[in-house]
Each structure stands twice: as C-alpha cells, then as structure tokens.
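**Student:** Please find start11.cif (mmCIF, C-alpha atoms) on the next line:
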data_upload
loop_
_atom_site.label_atom_id
_atom_site.label_comp_id
_atom_site.auth_asym_id
_atom_site.auth_seq_id
_atom_site.Cartn_x
_atom_site.Cartn_y
_atom_site.Cartn_z
CA MET Z 29 -3.03 -1.14 5.77
CA ALA Z 30 -4.80 1.15 3.31
CA ARG Z 31 -5.25 4.76 4.34
CA ALA Z 32 -8.87 5.77 4.92
CA LYS Z 33 -10.13 8.32 2.42
CA PRO Z 34 -11.51 11.52 3.96
CA LEU Z 35 -15.20 12.23 3.51
CA VAL Z 36 -15.92 14.83 0.84
CA THR Z 37 -18.84 17.21 1.35
CA ILE Z 38 -21.25 18.13 -1.44
CA ARG Z 39 -19.75 21.64 -1.49
CA GLU Z 40 -16.27 20.19 -1.99
CA GLN Z 41 -17.57 17.92 -4.76
CA ILE Z 42 -19.15 20.85 -6.57
CA ALA Z 43 -16.03 22.99 -6.11
CA ASP Z 44 -13.83 20.19 -7.47
CA SER Z 45 -16.12 19.75 -10.46
CA LEU Z 46 -16.01 23.46 -11.31
CA ARG Z 47 -12.24 23.62 -10.85
CA SER Z 48 -11.85 20.69 -13.22
CA ASP Z 49 -14.09 22.32 -15.82
CA ILE Z 50 -12.04 25.52 -15.65
CA ILE Z 51 -8.70 23.71 -15.91
CA ALA Z 52 -9.90 21.50 -18.75
CA GLY Z 53 -11.21 24.52 -20.64
CA ASN Z 54 -14.83 23.36 -20.53
CA LEU Z 55 -15.55 26.72 -18.94
CA LYS Z 56 -13.82 29.44 -20.96
CA PRO Z 57 -12.26 32.67 -19.62
CA GLY Z 58 -14.97 35.31 -19.40
CA GLU Z 59 -17.80 32.74 -19.49
CA ARG Z 60 -20.71 33.48 -17.16
CA VAL Z 61 -21.31 31.08 -14.27
CA ARG Z 62 -24.93 31.13 -13.07
CA GLU Z 63 -26.12 30.01 -9.64
CA GLU Z 64 -29.48 28.73 -10.84
CA VAL Z 65 -27.95 26.63 -13.64
CA LEU Z 66 -25.45 25.01 -11.27
CA ALA Z 67 -28.13 24.41 -8.63
CA ASP Z 68 -30.19 22.50 -11.21
CA LYS Z 69 -27.15 20.61 -12.48
CA PHE Z 70 -26.07 19.39 -9.03
CA GLY Z 71 -29.56 19.06 -7.53
CA VAL Z 72 -28.95 21.41 -4.60
CA SER Z 73 -30.28 24.75 -3.41
CA ARG Z 74 -28.54 27.95 -4.42
CA GLY Z 75 -27.00 28.34 -0.94
CA PRO Z 76 -24.22 25.76 -1.41
CA ILE Z 77 -23.63 27.02 -4.95
CA ARG Z 78 -23.20 30.57 -3.65
CA ASP Z 79 -20.65 29.32 -1.09
CA VAL Z 80 -18.69 27.47 -3.79
CA LEU Z 81 -18.65 30.49 -6.12
CA LEU Z 82 -17.38 32.67 -3.29
CA GLN Z 83 -14.65 30.13 -2.52
CA LEU Z 84 -13.49 29.90 -6.14
CA ASN Z 85 -13.60 33.67 -6.39
CA LYS Z 86 -11.18 33.87 -3.43
CA GLU Z 87 -8.97 31.28 -5.14
CA GLY Z 88 -8.78 33.46 -8.23
CA LEU Z 89 -10.45 31.02 -10.61
CA LEU Z 90 -13.63 33.09 -10.83
CA SER Z 91 -14.25 36.82 -10.94
CA SER Z 92 -17.25 38.65 -9.51
CA LYS Z 93 -18.09 42.19 -10.59
CA PRO Z 94 -21.18 44.39 -10.01
CA ASN Z 95 -23.71 44.13 -12.86
CA CYS Z 96 -21.58 41.46 -14.55
CA GLY Z 97 -22.22 38.49 -12.27
CA VAL Z 98 -19.68 35.70 -11.83
CA THR Z 99 -17.39 34.77 -14.72
CA VAL Z 100 -14.38 32.54 -15.26
CA ASN Z 101 -11.21 34.55 -14.68
CA HIS Z 102 -8.88 35.43 -17.52
CA GLN Z 103 -5.27 34.32 -17.77
CA LEU Z 104 -2.73 36.48 -16.02
CA ALA Z 105 -0.92 39.15 -17.97
CA PRO Z 106 2.76 38.17 -18.52
CA GLY Z 107 4.08 40.67 -15.97
CA LEU Z 108 1.60 39.58 -13.31
CA HIS Z 109 2.27 35.91 -14.04
CA SER Z 110 5.98 36.54 -13.47
CA LEU Z 111 5.22 38.24 -10.15
CA MET Z 112 2.96 35.38 -9.05
CA LYS Z 113 5.65 32.87 -9.96
CA SER Z 114 8.20 34.79 -7.89
CA LEU Z 115 5.86 34.84 -4.90
CA ARG Z 116 5.15 31.13 -5.18
CA LEU Z 117 8.83 30.28 -5.48
CA LYS Z 118 9.64 32.41 -2.44
CA ILE Z 119 7.04 30.59 -0.35
CA GLU Z 120 8.05 27.11 -1.50
CA VAL Z 121 11.83 27.55 -1.36
CA ASP Z 122 11.57 29.05 2.13
CA SER Z 123 9.31 26.13 3.08
CA LEU Z 124 12.09 23.72 2.12
CA LYS Z 125 14.46 25.57 4.43
CA LEU Z 126 11.99 25.17 7.30
CA LEU Z 127 11.67 21.45 6.56
CA LYS Z 128 15.38 20.68 6.91
CA GLY Z 129 15.73 17.69 9.23
CA LYS Z 130 11.97 17.53 9.91
CA LEU Z 131 10.72 15.13 7.25
CA VAL Z 132 10.32 11.48 8.27
CA GLN Z 133 9.83 8.25 6.32
CA GLU Z 134 6.04 8.64 6.33
CA ASP Z 135 6.39 12.02 4.61
CA PHE Z 136 8.58 10.55 1.87
CA GLU Z 137 6.06 7.74 1.36
CA ASN Z 138 3.17 10.22 1.15
CA LEU Z 139 5.04 12.38 -1.34
CA SER Z 140 5.97 9.33 -3.42
CA ASP Z 141 2.31 8.26 -3.44
CA ILE Z 142 1.32 11.66 -4.83
CA VAL Z 143 4.04 11.46 -7.50
CA ASP Z 144 2.81 7.96 -8.46
CA ASN Z 145 -0.73 9.35 -8.75
CA LEU Z 146 0.64 12.15 -10.93
CA HIS Z 147 2.39 9.60 -13.13
CA ARG Z 148 -0.79 7.55 -13.59
CA ALA Z 149 -2.80 10.66 -14.44
CA LEU Z 150 -0.23 11.77 -16.99
CA LYS Z 151 -0.09 8.32 -18.62
CA ALA Z 152 -3.89 8.31 -18.84
CA GLU Z 153 -3.77 11.86 -20.28
CA SER Z 154 -6.06 12.94 -17.44
CA PHE Z 155 -4.55 16.38 -17.33
CA THR Z 156 -7.08 17.86 -14.92
CA GLU Z 157 -6.25 15.14 -12.38
CA ALA Z 158 -2.56 15.69 -13.09
CA THR Z 159 -2.80 19.35 -12.12
CA GLU Z 160 -4.64 18.33 -8.94
CA GLN Z 161 -1.84 15.92 -8.01
CA ASP Z 162 0.79 18.51 -8.88
CA LEU Z 163 -0.79 20.99 -6.51
CA ALA Z 164 -1.30 18.32 -3.84
CA PHE Z 165 2.44 17.64 -3.91
CA HIS Z 166 3.45 21.25 -3.38
CA ARG Z 167 0.65 21.84 -0.87
CA TYR Z 168 1.94 18.93 1.23
CA LEU Z 169 5.37 20.52 1.57
CA VAL Z 170 3.99 23.98 2.35
CA ARG Z 171 1.59 22.62 4.98
CA LYS Z 172 4.33 20.54 6.58
CA ALA Z 173 6.50 23.65 6.81
CA GLY Z 174 4.01 26.25 8.00
CA GLY Z 175 0.60 24.70 8.62
CA ASP Z 176 -2.71 26.09 7.41
CA ASP Z 177 -1.66 29.73 7.77
CA LEU Z 178 1.10 29.34 5.17
CA VAL Z 179 -1.09 27.12 2.98
CA ASN Z 180 -3.77 29.83 2.86
CA VAL Z 181 -1.23 32.36 1.57
CA TRP Z 182 0.25 29.88 -0.92
CA THR Z 183 -3.16 28.72 -2.20
CA SER Z 184 -4.25 32.15 -3.41
CA VAL Z 185 -1.11 32.36 -5.57
CA ALA Z 186 -0.89 28.75 -6.77
CA LEU Z 187 -4.54 28.42 -7.75
CA ARG Z 188 -4.55 31.73 -9.61
CA MET Z 189 -1.58 30.49 -11.64
CA ARG Z 190 -3.38 27.23 -12.43
CA ILE Z 191 -5.43 28.83 -15.22
CA ASP Z 192 -2.10 29.36 -16.99
CA TYR Z 193 -0.88 25.80 -16.39
CA GLN Z 194 0.93 24.68 -19.55
CA ARG Z 195 3.56 22.25 -18.18
CA ILE Z 196 1.12 19.43 -18.88
CA SER Z 197 2.35 19.38 -22.48
CA LYS Z 198 5.58 17.75 -21.20
CA PRO Z 199 4.30 14.96 -18.92
CA LYS Z 200 7.55 12.99 -18.51
CA GLU Z 201 9.42 16.16 -17.64
CA SER Z 202 6.83 17.07 -15.00
CA TYR Z 203 7.00 13.58 -13.46
CA ASP Z 204 10.83 13.53 -13.44
CA GLU Z 205 10.98 16.94 -11.76
CA HIS Z 206 8.74 15.85 -8.90
CA LYS Z 207 10.73 12.65 -8.46
CA ALA Z 208 13.93 14.72 -8.31
CA ILE Z 209 12.49 16.87 -5.50
CA VAL Z 210 11.58 13.80 -3.42
CA SER Z 211 14.96 12.14 -4.03
CA ALA Z 212 16.84 15.27 -2.96
CA LEU Z 213 14.71 15.61 0.18
CA GLU Z 214 15.30 11.96 1.08
CA ALA Z 215 19.04 12.53 0.68
CA GLY Z 216 18.84 15.61 2.90
CA ASN Z 217 20.21 17.80 0.11
CA MET Z 218 18.02 20.88 0.48
CA LYS Z 219 19.96 22.90 -2.12
CA LYS Z 220 19.40 20.21 -4.73
CA ALA Z 221 15.73 20.02 -3.68
CA ALA Z 222 15.39 23.80 -4.11
CA ASP Z 223 17.03 23.65 -7.55
CA ALA Z 224 14.64 20.86 -8.62
CA LEU Z 225 11.72 22.90 -7.29
CA LYS Z 226 12.77 25.97 -9.26
CA ALA Z 227 13.00 23.83 -12.42
CA ASN Z 228 9.45 22.61 -11.85
CA ILE Z 229 7.75 25.97 -11.25
CA ARG Z 230 7.96 27.99 -14.45
#
Any chance you could give the structure as structure tokens?
**Tutor:**
Amino acid sequence: MARAKPLVTIREQIADSLRSDIIAGNLKPGERVREEVLADKFGVSRGPIRDVLLQLNKEGLLSSKPNCGVTVNHQLAPGLHSLMKSLRLKIEVDSLKLLKGKLVQEDFENLSDIVDNLHRALKAESFTEATEQDLAFHRYLVRKAGGDDLVNVWTSVALRMRIDYQRISKPKESYDEHKAIVSALEAGNMKKAADALKANIR
C-alpha cells in the first residue's frame, strides 16, 4: 500500500522554492531578496512571504541586517565550516549511539526509499533534489534518535552548511556512502555505520 503524501502548505511550498533557488545558485550570495517581488511571484500577500524569510533566516540560508534588508547568505569561512562540520558530526554520531537496537524493519525500508530517491535525483542530475534527499536521510536518523528537539539543533547546523554543499560533484560516491550507512545499521554494526557517516559528511 502506497504511503500517503503529507499536505504541503503554501508557506512550505514557497520556502522549498527559495531553498532550491539558493542551492542551485539561481539566487547568488549577497543577492537581495524582496518581499514585494516574491509576493507578486507567488500570488500571495506579504505576510506569508515575511514568515518564510524569517524561517530561512533562522536556517542560515538568508541574512537580515538593518538598512540592508534580506540577502542570500555567504558561504562559511573555512574555519567556521570546519566547526560546523564538527558540530554536525557530533550530533549525528551520538544519534547513532542512541539508535542502537531501536531501529526496526520499517525504518530500514524508509531509509532505503530515501536513498533510492537520492539515486534517481543524482542520475537525473537534479542536484537540488539530491541535496534535499541527502538531508532527509540524515534528518530521519536524528529525529528517530532525539525527536524534534534534537532535529531543531541539527537543522540550524546542517542547513547553514548546505550553501557549501559540493559533494554533488561525485554522485556515485554520495549514493554508495548512504547505502553503506543503511547496510551497517541493518547489520547492527554501529561502529561501521559511524565510520560510513564520517566518510559522508566532509
């Protein structure tokens, strides 16, 4: 039986569209993002647009400064990127420890579905969708380990790093790494799963 797809609100649709434009480079770092332009583009009032811009600002994809308005955030400086990577690895590796013995067959099927979606996106060279599936994979594990509280902490780090996402240039490698994580989890080998995770997050 096919799983029912969750309803997506207009705010979520707009947020997804803007995220995709940022990841794909259609919106460049430092580029101004204007409420009135987006309201006209999506055919909504400025209220929902304001909510979306605030959300993406919290995620680190946009930056809001007095007298400068809202702009697309710049890539992280090398030192800060390294710190963010360390924080993300800490959260995700510790999540794996919390998941030991707790994952069931449905979880492995869900994770495999996400990896299959990632594979299709990579084959189609839909790199924006690929990054979405990549994040969905990691988000699933973090949520399973610590619920929404841990996801909220993880999201602020993972999404800020997404502007710097360059792994897409090696699609087969990205796919193989995710498959290795699932295989290790299915085998109950948490050390091997953690090693595969560390190889994937660079």
**Student:** Using only C-alpha atoms, which residues sit within 12 Å of Asn85 (chain Z) once same-chain residues fewer than 6 positions away are excluded, as a PDB file with C-alpha atoms, keeping the file's coordinate frame?
**Tutor:**
ATOM      1  CA  ALA Z  43     -16.030  22.990  -6.110  1.00  0.00           C
ATOM      2  CA  LEU Z  46     -16.010  23.460 -11.310  1.00  0.00           C
ATOM      3  CA  ARG Z  47     -12.240  23.620 -10.850  1.00  0.00           C
ATOM      4  CA  VAL Z  61     -21.310  31.080 -14.270  1.00  0.00           C
ATOM      5  CA  ARG Z  78     -23.200  30.570  -3.650  1.00  0.00           C
ATOM      6  CA  ASP Z  79     -20.650  29.320  -1.090  1.00  0.00           C
ATOM      7  CA  SER Z  91     -14.250  36.820 -10.940  1.00  0.00           C
ATOM      8  CA  SER Z  92     -17.250  38.650  -9.510  1.00  0.00           C
ATOM      9  CA  LYS Z  93     -18.090  42.190 -10.590  1.00  0.00           C
ATOM     10  CA  GLY Z  97     -22.220  38.490 -12.270  1.00  0.00           C
ATOM     11  CA  VAL Z  98     -19.680  35.700 -11.830  1.00  0.00           C
ATOM     12  CA  THR Z  99     -17.390  34.770 -14.720  1.00  0.00           C
ATOM     13  CA  VAL Z 100     -14.380  32.540 -15.260  1.00  0.00           C
ATOM     14  CA  ASN Z 101     -11.210  34.550 -14.680  1.00  0.00           C
ATOM     15  CA  SER Z 184      -4.250  32.150  -3.410  1.00  0.00           C
ATOM     16  CA  LEU Z 187      -4.540  28.420  -7.750  1.00  0.00           C
ATOM     17  CA  ARG Z 188      -4.550  31.730  -9.610  1.00  0.00           C
TER      18      ARG Z 188
END
**Student:** Could you tell me how far CA of Leu124 (chain Z) sits from CA of Lys172 (chain Z), in Å to one decimal place?
**Tutor:**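 These two atoms are separated by 9.5 Å.
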**Student:** Which residues match the PyMOL selection byres ((chain Z and resi 155) around 10) in the file above, as a PyMOL selection string?
**Tutor:** chain Z and resi 48+51-52+146+149-154+156-161+196-197+199
**Student:** In Å, with one decimal, what is the gap from CA of Leu163 (chain Z) to CA of Glu120 (chain Z)?
**Tutor:**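 It comes out at 11.9 Å.
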**Student:** Taking into account only C-alpha atoms, which residue in the set Z:Gly88, Z:Gln83, Z:Ala164, Z:Arg60 is nearest to Leu104 (chain Z)?
**Tutor:**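 The shortest atom-to-atom distance to Leu104 (chain Z) comes from Z:Gly88.
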**Student:** Hey, can you check how far CA of Asp204 (chain Z) sits from CA of Asn228 (chain Z)?
**Tutor:** 9.3 Å
**Student:** The PyMOL selection byres ((chain Z and resi 119) around 12) - which residues does that actually catch in the file I just gave you? List them as a VMD selection string.
**Tutor:** chain Z and resid 112 to 118 120 to 126 166 to 167 169 to 171 173 to 174 177 to 186 222 225 to 226 229
**Student:** Restrict the selected residues to C-alpha atoms and save them as a PDB file, keeping the file's coordinate frame.
**Tutor:**
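Result written to result-v2.pdb:
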ATOM      1  CA  MET Z 112       2.960  35.380  -9.050  1.00  0.00           C
ATOM      2  CA  LYS Z 113       5.650  32.870  -9.960  1.00  0.00           C
ATOM      3  CA  SER Z 114       8.200  34.790  -7.890  1.00  0.00           C
ATOM      4  CA  LEU Z 115       5.860  34.840  -4.900  1.00  0.00           C
ATOM      5  CA  ARG Z 116       5.150  31.130  -5.180  1.00  0.00           C
ATOM      6  CA  LEU Z 117       8.830  30.280  -5.480  1.00  0.00           C
ATOM      7  CA  LYS Z 118       9.640  32.410  -2.440  1.00  0.00           C
ATOM      8  CA  GLU Z 120       8.050  27.110  -1.500  1.00  0.00           C
ATOM      9  CA  VAL Z 121      11.830  27.550  -1.360  1.00  0.00           C
ATOM     10  CA  ASP Z 122      11.570  29.050   2.130  1.00  0.00           C
ATOM     11  CA  SER Z 123       9.310  26.130   3.080  1.00  0.00           C
ATOM     12  CA  LEU Z 124      12.090  23.720   2.120  1.00  0.00           C
ATOM     13  CA  LYS Z 125      14.460  25.570   4.430  1.00  0.00           C
ATOM     14  CA  LEU Z 126      11.990  25.170   7.300  1.00  0.00           C
ATOM     15  CA  HIS Z 166       3.450  21.250  -3.380  1.00  0.00           C
ATOM     16  CA  ARG Z 167       0.650  21.840  -0.870  1.00  0.00           C
ATOM     17  CA  LEU Z 169       5.370  20.520   1.570  1.00  0.00           C
ATOM     18  CA  VAL Z 170       3.990  23.980   2.350  1.00  0.00           C
ATOM     19  CA  ARG Z 171       1.590  22.620   4.980  1.00  0.00           C
ATOM     20  CA  ALA Z 173       6.500  23.650   6.810  1.00  0.00           C
ATOM     21  CA  GLY Z 174       4.010  26.250   8.000  1.00  0.00           C
ATOM     22  CA  ASP Z 177      -1.660  29.730   7.770  1.00  0.00           C
ATOM     23  CA  LEU Z 178       1.100  29.340   5.170  1.00  0.00           C
ATOM     24  CA  VAL Z 179      -1.090  27.120   2.980  1.00  0.00           C
ATOM     25  CA  ASN Z 180      -3.770  29.830   2.860  1.00  0.00           C
ATOM     26  CA  VAL Z 181      -1.230  32.360   1.570  1.00  0.00           C
ATOM     27  CA  TRP Z 182       0.250  29.880  -0.920  1.00  0.00           C
ATOM     28  CA  THR Z 183      -3.160  28.720  -2.200  1.00  0.00           C
ATOM     29  CA  SER Z 184      -4.250  32.150  -3.410  1.00  0.00           C
ATOM     30  CA  VAL Z 185      -1.110  32.360  -5.570  1.00  0.00           C
ATOM     31  CA  ALA Z 186      -0.890  28.750  -6.770  1.00  0.00           C
ATOM     32  CA  ALA Z 222      15.390  23.800  -4.110  1.00  0.00           C
ATOM     33  CA  LEU Z 225      11.720  22.900  -7.290  1.00  0.00           C
ATOM     34  CA  LYS Z 226      12.770  25.970  -9.260  1.00  0.00           C
ATOM     35  CA  ILE Z 229       7.750  25.970 -11.250  1.00  0.00           C
TER      36      ILE Z 229
END
**Student:** Taking into account all atoms listed in the file, which residue in the set Z:Ala215, Z:Ile38, Z:Val210, Z:Ala105 is nearest to Asp141 (chain Z)?
**Tutor:**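 Checking each candidate against Asp141 (chain Z), we get Z:Val210 as the closest.
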**Student:** Under the rule that only C-alpha atoms are counted, which of Z:Lys128, Z:Lys200, Z:Arg230, Z:Arg148 is the nearest residue to Asn217 (chain Z)?
**Tutor:**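 For Asn217 (chain Z), the nearest of the given residues is Z:Lys128.
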**Student:** Applied to the shown file, which residues does the PyMOL selection byres ((chain Z and resi 70) around 12) return, written as a PDB file with C-alpha atoms, in the frame of the given file?
**Tutor:**
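Saved result, part.pdb, follows:
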ATOM      1  CA  ILE Z  38     -21.250  18.130  -1.440  1.00  0.00           C
ATOM      2  CA  ARG Z  39     -19.750  21.640  -1.490  1.00  0.00           C
ATOM      3  CA  GLN Z  41     -17.570  17.920  -4.760  1.00  0.00           C
ATOM      4  CA  ILE Z  42     -19.150  20.850  -6.570  1.00  0.00           C
ATOM      5  CA  ALA Z  43     -16.030  22.990  -6.110  1.00  0.00           C
ATOM      6  CA  SER Z  45     -16.120  19.750 -10.460  1.00  0.00           C
ATOM      7  CA  LEU Z  46     -16.010  23.460 -11.310  1.00  0.00           C
ATOM      8  CA  GLU Z  63     -26.120  30.010  -9.640  1.00  0.00           C
ATOM      9  CA  GLU Z  64     -29.480  28.730 -10.840  1.00  0.00           C
ATOM     10  CA  VAL Z  65     -27.950  26.630 -13.640  1.00  0.00           C
ATOM     11  CA  LEU Z  66     -25.450  25.010 -11.270  1.00  0.00           C
ATOM     12  CA  ALA Z  67     -28.130  24.410  -8.630  1.00  0.00           C
ATOM     13  CA  ASP Z  68     -30.190  22.500 -11.210  1.00  0.00           C
ATOM     14  CA  LYS Z  69     -27.150  20.610 -12.480  1.00  0.00           C
ATOM     15  CA  GLY Z  71     -29.560  19.060  -7.530  1.00  0.00           C
ATOM     16  CA  VAL Z  72     -28.950  21.410  -4.600  1.00  0.00           C
ATOM     17  CA  SER Z  73     -30.280  24.750  -3.410  1.00  0.00           C
ATOM     18  CA  ARG Z  74     -28.540  27.950  -4.420  1.00  0.00           C
ATOM     19  CA  PRO Z  76     -24.220  25.760  -1.410  1.00  0.00           C
ATOM     20  CA  ILE Z  77     -23.630  27.020  -4.950  1.00  0.00           C
TER      21      ILE Z  77
END
**Student:** Between Z:Asp162, Z:Arg190, Z:Lys219, Z:Asp176, which has the minimum distance to His206 (chain Z) (counting only C-alpha atoms)?
**Tutor:**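 Of the candidates, the smallest distance to His206 (chain Z) is held by Z:Asp162.
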**Student:** To test the calculation: enclose all listed atoms of region 168-174 of chain Z in a box whose edges run along x, y and z, add 5 Å on each side, then state centre and edge lengths in Å to one decimal, as lines of an AutoDock Vina configuration file.
**Tutor:**
center_x = 4.0
center_y = 22.6
center_z = 4.6
size_x = 14.9
size_y = 17.3
size_z = 16.8
**Student:** Rank Z:Leu82, Z:Thr37, Z:Lys220, Z:Leu90 by their smallest atom-to-atom distance to Gly58 (chain Z), using only C-alpha atoms, and report the top residue only.
**Tutor:** Z:Leu90
